[in-house]
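data-v2.pdb (PDB, C-alpha atoms)
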```
MODEL        1
ATOM      1  CA  MET A  27     105.951 -13.948 -58.931
ATOM      2  CA  PRO A  28     104.182 -12.316 -55.984
ATOM      3  CA  LEU A  29     102.721  -8.869 -56.490
ATOM      4  CA  ASP A  30     104.499  -5.814 -55.139
ATOM      5  CA  HIS A  31     103.136  -5.175 -51.646
ATOM      6  CA  SER A  32     104.362  -1.584 -51.735
ATOM      7  CA  PHE A  33     101.184  -0.831 -53.725
ATOM      8  CA  ILE A  34      99.174  -1.182 -50.491
ATOM      9  CA  GLY A  35      97.822   2.233 -49.574
ATOM     10  CA  ARG A  36      98.192   3.648 -53.074
ATOM     11  CA  THR A  37      95.303   5.900 -54.105
ATOM     12  CA  TYR A  38      94.565   6.563 -57.760
ATOM     13  CA  PRO A  39      93.270   9.871 -59.130
ATOM     14  CA  PRO A  40      89.488  10.445 -59.209
ATOM     15  CA  THR A  41      87.766   9.062 -62.283
ATOM     16  CA  PRO A  42      86.179  11.486 -64.755
ATOM     17  CA  PRO A  43      82.614  12.443 -63.725
ATOM     18  CA  TYR A  44      79.978   9.814 -64.574
ATOM     19  CA  GLU A  45      76.442  11.015 -65.150
ATOM     20  CA  VAL A  46      73.864   8.408 -64.081
ATOM     21  CA  GLY A  47      71.156   8.183 -66.719
ATOM     22  CA  ARG A  48      67.640   6.779 -66.360
ATOM     23  CA  GLU A  49      68.118   4.577 -69.393
ATOM     24  CA  LYS A  50      71.394   3.188 -68.034
ATOM     25  CA  ILE A  51      69.617   2.233 -64.812
ATOM     26  CA  ARG A  52      66.849   0.594 -66.838
ATOM     27  CA  GLU A  53      69.407  -1.253 -68.976
ATOM     28  CA  PHE A  54      71.166  -2.550 -65.855
ATOM     29  CA  ALA A  55      67.881  -3.592 -64.223
ATOM     30  CA  ASP A  56      66.901  -5.405 -67.444
ATOM     31  CA  ALA A  57      70.271  -7.159 -67.496
ATOM     32  CA  ILE A  58      69.828  -8.514 -63.966
ATOM     33  CA  GLY A  59      66.226  -9.481 -64.775
ATOM     34  CA  ASP A  60      64.718  -7.287 -62.066
ATOM     35  CA  PRO A  61      61.294  -5.900 -63.011
ATOM     36  CA  ASN A  62      60.994  -3.505 -60.034
ATOM     37  CA  PRO A  63      59.307  -0.298 -61.308
ATOM     38  CA  VAL A  64      61.424   1.915 -59.017
ATOM     39  CA  TYR A  65      64.282   1.357 -61.512
ATOM     40  CA  ARG A  66      62.165   2.520 -64.442
ATOM     41  CA  SER A  67      59.373   4.856 -63.461
ATOM     42  CA  GLN A  68      59.865   8.256 -61.892
ATOM     43  CA  ALA A  69      56.340   8.044 -60.467
ATOM     44  CA  ALA A  70      57.085   4.690 -58.818
ATOM     45  CA  ALA A  71      60.305   6.121 -57.377
ATOM     46  CA  GLN A  72      58.495   9.166 -56.050
ATOM     47  CA  GLU A  73      55.935   6.939 -54.348
ATOM     48  CA  LEU A  74      58.829   5.575 -52.310
ATOM     49  CA  GLY A  75      60.083   9.080 -51.594
ATOM     50  CA  TYR A  76      62.844   9.343 -54.189
ATOM     51  CA  GLY A  77      63.172  12.296 -56.517
ATOM     52  CA  ASP A  78      63.965  10.139 -59.519
ATOM     53  CA  VAL A  79      64.529   6.497 -60.419
ATOM     54  CA  ILE A  80      67.092   4.784 -58.202
ATOM     55  CA  ALA A  81      69.668   2.201 -59.184
ATOM     56  CA  PRO A  82      69.826  -1.431 -57.987
ATOM     57  CA  PRO A  83      72.006  -2.135 -54.919
ATOM     58  CA  THR A  84      74.926  -3.419 -57.027
ATOM     59  CA  PHE A  85      74.753  -0.784 -59.804
ATOM     60  CA  ALA A  86      77.824   0.998 -58.444
ATOM     61  CA  ILE A  87      79.914  -1.792 -59.979
ATOM     62  CA  VAL A  88      79.415  -0.069 -63.355
ATOM     63  CA  LEU A  89      81.602   2.737 -62.007
ATOM     64  CA  THR A  90      83.825   0.907 -59.549
ATOM     65  CA  LEU A  91      84.829  -1.879 -61.931
ATOM     66  CA  LYS A  92      86.196   0.620 -64.409
ATOM     67  CA  ALA A  93      87.908   2.543 -61.624
ATOM     68  CA  GLY A  94      89.404  -0.728 -60.383
ATOM     69  CA  HIS A  95      90.968  -1.284 -63.772
ATOM     70  CA  GLN A  96      93.391   1.461 -62.829
ATOM     71  CA  VAL A  97      94.793  -1.097 -60.384
ATOM     72  CA  VAL A  98      94.253  -4.347 -62.278
ATOM     73  CA  MET A  99      95.631  -2.915 -65.522
ATOM     74  CA  ASP A 100      98.452  -0.969 -63.860
ATOM     75  CA  PRO A 101     101.509  -2.210 -65.768
ATOM     76  CA  GLU A 102     103.689  -1.490 -62.741
ATOM     77  CA  LEU A 103     101.633  -3.874 -60.606
ATOM     78  CA  GLY A 104     101.549  -6.479 -63.378
ATOM     79  CA  VAL A 105      98.348  -8.438 -62.696
ATOM     80  CA  ASP A 106      97.630 -11.121 -65.313
ATOM     81  CA  TYR A 107      94.059 -10.104 -66.141
ATOM     82  CA  SER A 108      93.314 -13.441 -67.834
ATOM     83  CA  ARG A 109      93.771 -15.136 -64.443
ATOM     84  CA  VAL A 110      91.578 -12.753 -62.456
ATOM     85  CA  VAL A 111      88.384 -13.905 -60.773
ATOM     86  CA  HIS A 112      86.240 -11.998 -58.307
ATOM     87  CA  GLY A 113      86.745 -13.038 -54.688
ATOM     88  CA  GLU A 114      84.634 -10.755 -52.531
ATOM     89  CA  GLN A 115      82.451  -7.694 -52.950
ATOM     90  CA  ARG A 116      80.679  -5.455 -50.492
ATOM     91  CA  PHE A 117      78.797  -2.190 -50.808
ATOM     92  CA  VAL A 118      77.986   0.233 -48.033
ATOM     93  CA  HIS A 119      75.442   2.756 -49.242
ATOM     94  CA  VAL A 120      74.927   6.185 -47.745
ATOM     95  CA  ARG A 121      71.972   6.511 -50.112
ATOM     96  CA  PRO A 122      70.857   4.847 -53.334
ATOM     97  CA  ILE A 123      72.440   6.065 -56.555
ATOM     98  CA  ARG A 124      69.777   7.871 -58.580
ATOM     99  CA  ALA A 125      69.305   9.203 -62.078
ATOM    100  CA  GLY A 126      70.937  12.570 -62.500
ATOM    101  CA  ASP A 127      73.794  11.895 -60.086
ATOM    102  CA  LEU A 128      77.160  13.151 -61.278
ATOM    103  CA  LEU A 129      79.585  10.754 -59.628
ATOM    104  CA  GLN A 130      83.300  10.262 -59.293
ATOM    105  CA  VAL A 131      85.240   7.334 -57.928
ATOM    106  CA  VAL A 132      88.483   7.214 -55.992
ATOM    107  CA  VAL A 133      90.117   3.798 -55.649
ATOM    108  CA  THR A 134      92.666   2.829 -53.028
ATOM    109  CA  VAL A 135      94.613  -0.422 -52.803
ATOM    110  CA  ALA A 136      93.627  -1.695 -49.357
ATOM    111  CA  ASP A 137      95.598  -4.931 -49.270
ATOM    112  CA  ILE A 138      97.708  -7.326 -51.305
ATOM    113  CA  ARG A 139      98.389 -10.781 -49.959
ATOM    114  CA  ALA A 140      99.212 -14.286 -51.116
ATOM    115  CA  ALA A 141      97.009 -17.236 -50.178
ATOM    116  CA  ALA A 142      97.007 -20.837 -51.389
ATOM    117  CA  GLY A 143      99.159 -20.049 -54.400
ATOM    118  CA  ASN A 144      97.016 -17.105 -55.485
ATOM    119  CA  ASP A 145      97.441 -13.351 -55.130
ATOM    120  CA  LEU A 146      94.577 -11.440 -53.513
ATOM    121  CA  VAL A 147      94.179  -7.741 -54.212
ATOM    122  CA  SER A 148      91.661  -5.771 -52.140
ATOM    123  CA  THR A 149      90.490  -2.302 -53.019
ATOM    124  CA  ARG A 150      88.307   0.288 -51.376
ATOM    125  CA  THR A 151      86.488   2.634 -53.722
ATOM    126  CA  GLU A 152      84.709   5.758 -52.627
ATOM    127  CA  VAL A 153      81.820   6.844 -54.828
ATOM    128  CA  SER A 154      80.765  10.428 -54.272
ATOM    129  CA  THR A 155      79.077  13.214 -56.161
ATOM    130  CA  VAL A 156      81.467  15.623 -57.830
ATOM    131  CA  SER A 157      80.479  18.141 -55.166
ATOM    132  CA  GLY A 158      81.764  15.766 -52.494
ATOM    133  CA  GLU A 159      78.611  14.119 -51.123
ATOM    134  CA  PRO A 160      79.480  10.532 -50.188
ATOM    135  CA  VAL A 161      77.161   7.995 -51.843
ATOM    136  CA  THR A 162      78.659   4.510 -51.660
ATOM    137  CA  THR A 163      81.798   2.749 -50.534
ATOM    138  CA  ALA A 164      82.652  -0.451 -52.393
ATOM    139  CA  TYR A 165      85.084  -3.038 -51.084
ATOM    140  CA  SER A 166      86.375  -5.556 -53.586
ATOM    141  CA  THR A 167      88.830  -8.435 -53.519
ATOM    142  CA  ILE A 168      90.060 -10.025 -56.713
ATOM    143  CA  VAL A 169      91.884 -13.320 -56.895
ATOM    144  CA  VAL A 170      94.751 -13.651 -59.354
ATOM    145  CA  ARG A 171      94.875 -17.406 -59.768
ATOM    146  CA  GLY A 172      98.339 -18.861 -59.613
ATOM    147  CA  ALA A 173      99.577 -20.577 -62.774
ATOM    148  CA  ALA A 174      99.310 -24.359 -62.593
ATOM    149  CA  GLU A 175     102.680 -25.897 -61.775
TER
ATOM    150  CA  MET B  27      58.016   1.997 -45.500
ATOM    151  CA  THR B  28      58.614   2.902 -41.875
ATOM    152  CA  SER B  29      59.161  -0.614 -40.601
ATOM    153  CA  PHE B  30      59.232  -4.146 -41.892
ATOM    154  CA  GLY B  31      56.262  -5.151 -39.768
ATOM    155  CA  GLU B  32      56.333  -7.948 -37.233
ATOM    156  CA  LEU B  33      59.711  -9.569 -37.608
ATOM    157  CA  GLU B  34      61.481 -12.293 -35.715
ATOM    158  CA  VAL B  35      65.078 -13.396 -35.783
ATOM    159  CA  GLY B  36      65.274 -16.624 -37.753
ATOM    160  CA  GLN B  37      62.298 -15.738 -39.913
ATOM    161  CA  SER B  38      62.617 -16.842 -43.538
ATOM    162  CA  LEU B  39      62.172 -14.503 -46.475
ATOM    163  CA  PRO B  40      60.411 -15.995 -49.495
ATOM    164  CA  ALA B  41      62.995 -18.067 -51.395
ATOM    165  CA  GLN B  42      63.318 -17.683 -55.145
ATOM    166  CA  GLU B  43      64.807 -19.519 -58.118
ATOM    167  CA  PHE B  44      66.522 -17.699 -60.958
ATOM    168  CA  PRO B  45      67.432 -19.427 -64.221
ATOM    169  CA  VAL B  46      70.757 -18.231 -65.688
ATOM    170  CA  ALA B  47      71.385 -18.647 -69.416
ATOM    171  CA  ARG B  48      74.432 -17.782 -71.499
ATOM    172  CA  ALA B  49      72.487 -14.913 -73.106
ATOM    173  CA  ASP B  50      71.919 -13.394 -69.650
ATOM    174  CA  LEU B  51      75.680 -13.209 -69.166
ATOM    175  CA  VAL B  52      76.179 -11.518 -72.520
ATOM    176  CA  ARG B  53      73.542  -8.954 -71.626
ATOM    177  CA  TYR B  54      75.060  -8.413 -68.196
ATOM    178  CA  ALA B  55      78.498  -7.982 -69.783
ATOM    179  CA  GLY B  56      77.087  -5.195 -71.930
ATOM    180  CA  ALA B  57      75.224  -3.457 -69.125
ATOM    181  CA  SER B  58      78.011  -3.699 -66.567
ATOM    182  CA  GLY B  59      81.001  -3.185 -68.830
ATOM    183  CA  ASP B  60      82.642  -6.424 -67.652
ATOM    184  CA  PHE B  61      83.630  -8.096 -70.922
ATOM    185  CA  ASN B  62      86.031 -10.624 -69.436
ATOM    186  CA  PRO B  63      85.751 -13.503 -71.954
ATOM    187  CA  ILE B  64      85.524 -16.112 -69.161
ATOM    188  CA  HIS B  65      81.885 -14.976 -68.944
ATOM    189  CA  TRP B  66      80.927 -15.621 -72.568
ATOM    190  CA  ASN B  67      83.666 -17.480 -74.450
ATOM    191  CA  GLU B  68      83.885 -21.212 -73.782
ATOM    192  CA  ARG B  69      87.169 -21.591 -75.636
ATOM    193  CA  PHE B  70      88.782 -18.881 -73.544
ATOM    194  CA  ALA B  71      87.266 -20.109 -70.268
ATOM    195  CA  THR B  72      88.530 -23.670 -70.696
ATOM    196  CA  ALA B  73      91.936 -22.438 -71.896
ATOM    197  CA  VAL B  74      92.441 -20.660 -68.560
ATOM    198  CA  GLY B  75      91.451 -23.763 -66.617
ATOM    199  CA  LEU B  76      87.763 -23.183 -65.910
ATOM    200  CA  PRO B  77      85.260 -26.001 -66.503
ATOM    201  CA  ASP B  78      83.177 -23.823 -68.850
ATOM    202  CA  VAL B  79      81.880 -20.252 -69.102
ATOM    203  CA  ILE B  80      81.107 -18.939 -65.607
ATOM    204  CA  ALA B  81      78.665 -16.235 -64.556
ATOM    205  CA  HIS B  82      79.984 -12.862 -63.465
ATOM    206  CA  GLY B  83      80.136 -12.973 -59.700
ATOM    207  CA  MET B  84      78.453  -9.582 -59.821
ATOM    208  CA  TYR B  85      75.588 -11.039 -61.842
ATOM    209  CA  THR B  86      74.989 -13.678 -59.184
ATOM    210  CA  MET B  87      75.277 -11.035 -56.482
ATOM    211  CA  ALA B  88      72.819  -8.714 -58.255
ATOM    212  CA  VAL B  89      70.266 -11.490 -58.719
ATOM    213  CA  ALA B  90      70.574 -12.857 -55.180
ATOM    214  CA  ILE B  91      69.621  -9.577 -53.497
ATOM    215  CA  ARG B  92      66.215  -9.823 -55.188
ATOM    216  CA  VAL B  93      65.140 -12.000 -52.265
ATOM    217  CA  VAL B  94      65.667  -8.953 -50.058
ATOM    218  CA  THR B  95      64.495  -6.159 -52.354
ATOM    219  CA  ASP B  96      61.348  -8.027 -53.410
ATOM    220  CA  TRP B  97      60.627  -8.547 -49.722
ATOM    221  CA  THR B  98      61.116  -4.919 -48.626
ATOM    222  CA  GLY B  99      59.647  -3.536 -51.848
ATOM    223  CA  ASP B 100      62.159  -0.699 -51.686
ATOM    224  CA  PRO B 101      65.628  -1.510 -53.053
ATOM    225  CA  GLY B 102      66.866   1.744 -51.517
ATOM    226  CA  SER B 103      66.374   0.124 -48.111
ATOM    227  CA  VAL B 104      69.539  -1.918 -48.697
ATOM    228  CA  ILE B 105      72.291   0.026 -46.937
ATOM    229  CA  GLU B 106      74.864  -2.730 -46.938
ATOM    230  CA  TYR B 107      75.380  -5.836 -49.047
ATOM    231  CA  GLY B 108      78.390  -8.106 -49.249
ATOM    232  CA  VAL B 109      79.269 -11.568 -50.527
ATOM    233  CA  ARG B 110      82.199 -13.889 -50.964
ATOM    234  CA  PHE B 111      82.293 -15.790 -54.252
ATOM    235  CA  THR B 112      83.128 -19.319 -53.157
ATOM    236  CA  ARG B 113      82.325 -21.403 -56.200
ATOM    237  CA  PRO B 114      81.866 -20.296 -59.803
ATOM    238  CA  VAL B 115      78.386 -20.549 -61.284
ATOM    239  CA  VAL B 116      79.067 -22.625 -64.376
ATOM    240  CA  VAL B 117      76.678 -21.752 -67.197
ATOM    241  CA  PRO B 118      76.755 -24.378 -69.948
ATOM    242  CA  ASP B 119      75.185 -23.696 -73.313
ATOM    243  CA  PRO B 120      72.337 -24.343 -73.924
ATOM    244  CA  ASP B 121      71.152 -25.689 -70.577
ATOM    245  CA  GLY B 122      72.287 -22.889 -68.272
ATOM    246  CA  ALA B 123      72.007 -23.055 -64.502
ATOM    247  CA  VAL B 124      69.416 -22.385 -61.816
ATOM    248  CA  LEU B 125      70.353 -20.187 -58.882
ATOM    249  CA  ARG B 126      68.340 -20.777 -55.713
ATOM    250  CA  VAL B 127      68.372 -18.055 -53.078
ATOM    251  CA  ALA B 128      66.955 -18.143 -49.568
ATOM    252  CA  GLY B 129      67.121 -15.464 -46.891
ATOM    253  CA  THR B 130      66.845 -15.423 -43.118
ATOM    254  CA  VAL B 131      66.525 -12.560 -40.646
ATOM    255  CA  ARG B 132      69.732 -12.768 -38.619
ATOM    256  CA  GLU B 133      69.453  -9.709 -36.392
ATOM    257  CA  ILE B 134      67.024  -6.920 -35.585
ATOM    258  CA  ARG B 135      68.975  -3.965 -34.261
ATOM    259  CA  ALA B 136      67.807  -1.447 -31.712
ATOM    260  CA  ASP B 137      67.780   1.298 -34.363
ATOM    261  CA  GLY B 138      65.444  -0.769 -36.568
ATOM    262  CA  ASP B 139      68.049  -1.960 -39.058
ATOM    263  CA  VAL B 140      67.586  -5.594 -40.053
ATOM    264  CA  ALA B 141      70.463  -7.901 -40.973
ATOM    265  CA  VAL B 142      69.657 -10.703 -43.396
ATOM    266  CA  ASP B 143      71.710 -13.786 -44.292
ATOM    267  CA  LEU B 144      71.390 -15.124 -47.820
ATOM    268  CA  VAL B 145      72.096 -18.659 -48.986
ATOM    269  CA  ALA B 146      72.680 -19.023 -52.724
ATOM    270  CA  THR B 147      73.089 -22.453 -54.278
ATOM    271  CA  VAL B 148      73.336 -24.078 -57.691
ATOM    272  CA  ASN B 149      72.617 -27.828 -57.815
ATOM    273  CA  GLY B 150      72.671 -27.828 -54.027
ATOM    274  CA  GLU B 151      76.181 -26.355 -53.835
ATOM    275  CA  THR B 152      76.788 -23.014 -52.170
ATOM    276  CA  VAL B 153      78.077 -20.358 -54.574
ATOM    277  CA  LEU B 154      78.117 -17.372 -52.218
ATOM    278  CA  ALA B 155      79.430 -17.295 -48.662
ATOM    279  CA  LYS B 156      79.070 -14.580 -46.058
ATOM    280  CA  ALA B 157      76.199 -13.231 -48.153
ATOM    281  CA  ARG B 158      74.710 -10.598 -45.918
ATOM    282  CA  ALA B 159      72.589  -7.520 -46.343
ATOM    283  CA  VAL B 160      71.473  -4.836 -43.955
ATOM    284  CA  VAL B 161      68.183  -3.098 -44.642
ATOM    285  CA  ARG B 162      66.937   0.090 -43.037
ATOM    286  CA  PRO B 163      63.260   1.029 -42.869
ATOM    287  CA  ARG B 164      62.614   4.493 -44.295
TER
ENDMDL
END
```

Here is a file; write its structure as structure tokens.
Amino acid sequence: MPLDHSFIGRTYPPTPPYEVGREKIREFADAIGDPNPVYRSQAAAQELGYGDVIAPPTFAIVLTLKAGHQVVMDPELGVDYSRVVHGEQRFVHVRPIRAGDLLQVVVTVADIRAAAGNDLVSTRTEVSTVSGEPVTTAYSTIVVRGAAE
Amino acid sequence: MTSFGELEVGQSLPAQEFPVARADLVRYAGASGDFNPIHWNERFATAVGLPDVIAHGMYTMAVAIRVVTDWTGDPGSVIEYGVRFTRPVVVPDPDGAVLRVAGTVREIRADGDVAVDLVATVNGETVLAKARAVVRPR
């Protein structure tokens, strides 16, 4: 059954504030196998002109994935999560996320369409500080694979 | 870094190879919060029609940008990064997979921003399409 296209344009409430910790950035950098010291050492970050350690370019997914669950897990929309795979992802950074940031995420359903027997759901998520400074915009498309006939 | 030095359109960035093992996916699941069992549970993955456990697309994306961030030295120089996940990276246990990533300077803009195209393959097959980053000298 195709997904309800009236969800296009729907914006979900801001997520609770997320405080970016140095150790979380280190954990993420370890998990992607990236030894860059700017993710771990305040001194290394300051050498590059940052006040504190910065996060890898895809770190925002830690916040935006959870925010996106508001859509994917929305019982009204009815996505079968077991059939979800990631289709596309893009980040546009105003500045790197850094340790100490207090961030919130607002997710909007940008598009829902059917293609080749699958449903595609695109979202746009705005990551900003709780005081309203824009940090990153993430664009994501998930593919809900159609059940085999 | 105030510039990326002498650059030419078409110039290659140093290519890299990244081994991907099942344990890497488990660790990435924990760090990212994406515990979808298709990324660690073979029984579940095959039951939903996948050939085996597949890597998180976001893991592949995170690893691939290393070709850019290792080149600039400053990961904060990446102001834009997008990919399309065209083919799953299948990660069998215990052999895993090897991701190969190459980068090319596609465009040098008047304001100094540099657009880079990435090509990511496993066993010679492309796993990311439209993989593009824009870096800005600081």

Kindly provide the residues of chain A that approach chain B to within 8 Å, each paired with its closest atom pair and their distance in Å to one decimal, based on all atoms listed in the file, listed by chain and increasing number, as JSON lines.
```
{"residue": "A:Lys50", "atom": "CA", "partner": "B:Ala57", "partner_atom": "CA", "distance": 7.7}
{"residue": "A:Glu53", "atom": "CA", "partner": "B:Ala57", "partner_atom": "CA", "distance": 6.2}
{"residue": "A:Phe54", "atom": "CA", "partner": "B:Ala57", "partner_atom": "CA", "distance": 5.3}
{"residue": "A:Ala57", "atom": "CA", "partner": "B:Tyr54", "partner_atom": "CA", "distance": 5.0}
{"residue": "A:Ile58", "atom": "CA", "partner": "B:Val89", "partner_atom": "CA", "distance": 6.0}
{"residue": "A:Gly59", "atom": "CA", "partner": "B:Val89", "partner_atom": "CA", "distance": 7.6}
{"residue": "A:Asp60", "atom": "CA", "partner": "B:Arg92", "partner_atom": "CA", "distance": 7.5}
{"residue": "A:Val64", "atom": "CA", "partner": "B:Asp100", "partner_atom": "CA", "distance": 7.8}
{"residue": "A:Leu74", "atom": "CA", "partner": "B:Asp100", "partner_atom": "CA", "distance": 7.1}
{"residue": "A:Ile80", "atom": "CA", "partner": "B:Gly102", "partner_atom": "CA", "distance": 7.3}
{"residue": "A:Pro82", "atom": "CA", "partner": "B:Pro101", "partner_atom": "CA", "distance": 6.5}
{"residue": "A:Pro83", "atom": "CA", "partner": "B:Pro101", "partner_atom": "CA", "distance": 6.7}
{"residue": "A:Thr84", "atom": "CA", "partner": "B:Ala88", "partner_atom": "CA", "distance": 5.8}
{"residue": "A:Ile87", "atom": "CA", "partner": "B:Ser58", "partner_atom": "CA", "distance": 7.1}
{"residue": "A:Val88", "atom": "CA", "partner": "B:Ser58", "partner_atom": "CA", "distance": 5.0}
{"residue": "A:Leu91", "atom": "CA", "partner": "B:Asp60", "partner_atom": "CA", "distance": 7.6}
{"residue": "A:Lys92", "atom": "CA", "partner": "B:Gly59", "partner_atom": "CA", "distance": 7.8}
{"residue": "A:Ser108", "atom": "CA", "partner": "B:Val74", "partner_atom": "CA", "distance": 7.3}
{"residue": "A:Arg109", "atom": "CA", "partner": "B:Val74", "partner_atom": "CA", "distance": 7.0}
{"residue": "A:His112", "atom": "CA", "partner": "B:Gly83", "partner_atom": "CA", "distance": 6.3}
{"residue": "A:Gly113", "atom": "CA", "partner": "B:Phe111", "partner_atom": "CA", "distance": 5.3}
{"residue": "A:Glu114", "atom": "CA", "partner": "B:Arg110", "partner_atom": "CA", "distance": 4.3}
{"residue": "A:Gln115", "atom": "CA", "partner": "B:Gly108", "partner_atom": "CA", "distance": 5.5}
{"residue": "A:Arg116", "atom": "CA", "partner": "B:Gly108", "partner_atom": "CA", "distance": 3.7}
{"residue": "A:Phe117", "atom": "CA", "partner": "B:Tyr107", "partner_atom": "CA", "distance": 5.3}
{"residue": "A:Val118", "atom": "CA", "partner": "B:Glu106", "partner_atom": "CA", "distance": 4.4}
{"residue": "A:His119", "atom": "CA", "partner": "B:Ile105", "partner_atom": "CA", "distance": 4.8}
{"residue": "A:Val120", "atom": "CA", "partner": "B:Ile105", "partner_atom": "CA", "distance": 6.7}
{"residue": "A:Arg121", "atom": "CA", "partner": "B:Gly102", "partner_atom": "CA", "distance": 7.1}
{"residue": "A:Pro122", "atom": "CA", "partner": "B:Gly102", "partner_atom": "CA", "distance": 5.4}
```

* **Reference answer for the PyMOL selection byres ((chain B and resi 130) around 6), as a ChimeraX atom specification** => /B:36-39,129,131-132,142-143

* Asked: Residues picked by the PyMOL selection byres ((chain A and resi 104) around 12) here, as a PyMOL selection string?
  -> chain A and resi 27-31+33+95-103+105-110+145+147+170

* Asked: For the point (93.0, 5.5, -59.9) in file coordinates, what residues are within 7 Å, counting only C-alpha atoms? Give the answer as a ChimeraX atom specification?
  -> /A:37-41,93,96-97,132-133

* Asked: Quick one, how far is atom CA of Val115 of chain B from atom CA of Arg69 of chain B?
  ->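 It comes out at 16.9 Å.
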
* To do: To one decimal in Å, tell me the separation between atom CA of Leu76 of chain B and atom CA of Gly150 of chain B.
  => 19.8 Å

Centre and size of axis-aligned box enclosing segment 58-65 of chain A plus 4 Å each side, as AutoDock Vina command-line options:
```
--center_x 64.6 --center_y -3.8 --center_z -61.9 --size_x 18.5 --size_y 19.4 --size_z 13.8
```

* To do: Using the chain letters and numbers from the file, give me the residues hit by the PyMOL selection byres ((chain A and resi 47) around 9), as a ChimeraX atom specification.
  => /A:45-46,48-52,124-127

* Asked: Mind pulling up the distance from atom CA of Thr147 of chain B to atom CA of Val124 of chain B?
  -> 8.4 Å

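Taking all atoms listed in the file into account, the polymer residues that have an atom no farther than 7 Å from (91.8, -4.7, -53.4) are Val135, Ala136, Asp137, Ile138, Val147, Ser148, Thr149, Arg150, Ser166, Thr167 and Ile168 of chain A.
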
* Name the residues in contact with Val116 of chain B at a cut-off of 8 Å, using all atoms listed in the file, excluding same-chain residues fewer than 6 positions from it; report them as a ChimeraX atom specification. => /B:77-81,122-123

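If only C-alpha atoms are the atoms counted, then among A:Leu146, A:Ala173, A:Ala140, A:Leu129 the closest residue to Val161 of chain A is A:Leu129.
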
* Which residue of B:Val153, B:Val161, B:Val93, B:Val117 approaches Pro40 of chain B most closely, using all atoms listed in the file ->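 Once distances to Pro40 of chain B are computed over all atoms listed in the file, the minimum belongs to B:Val93.
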
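In terms of minimum interatomic distance to Ala41 of chain B, B:Val127 ranks closest within B:Ala146, B:Ile134, B:Val140, B:Val127, counting all atoms listed in the file.
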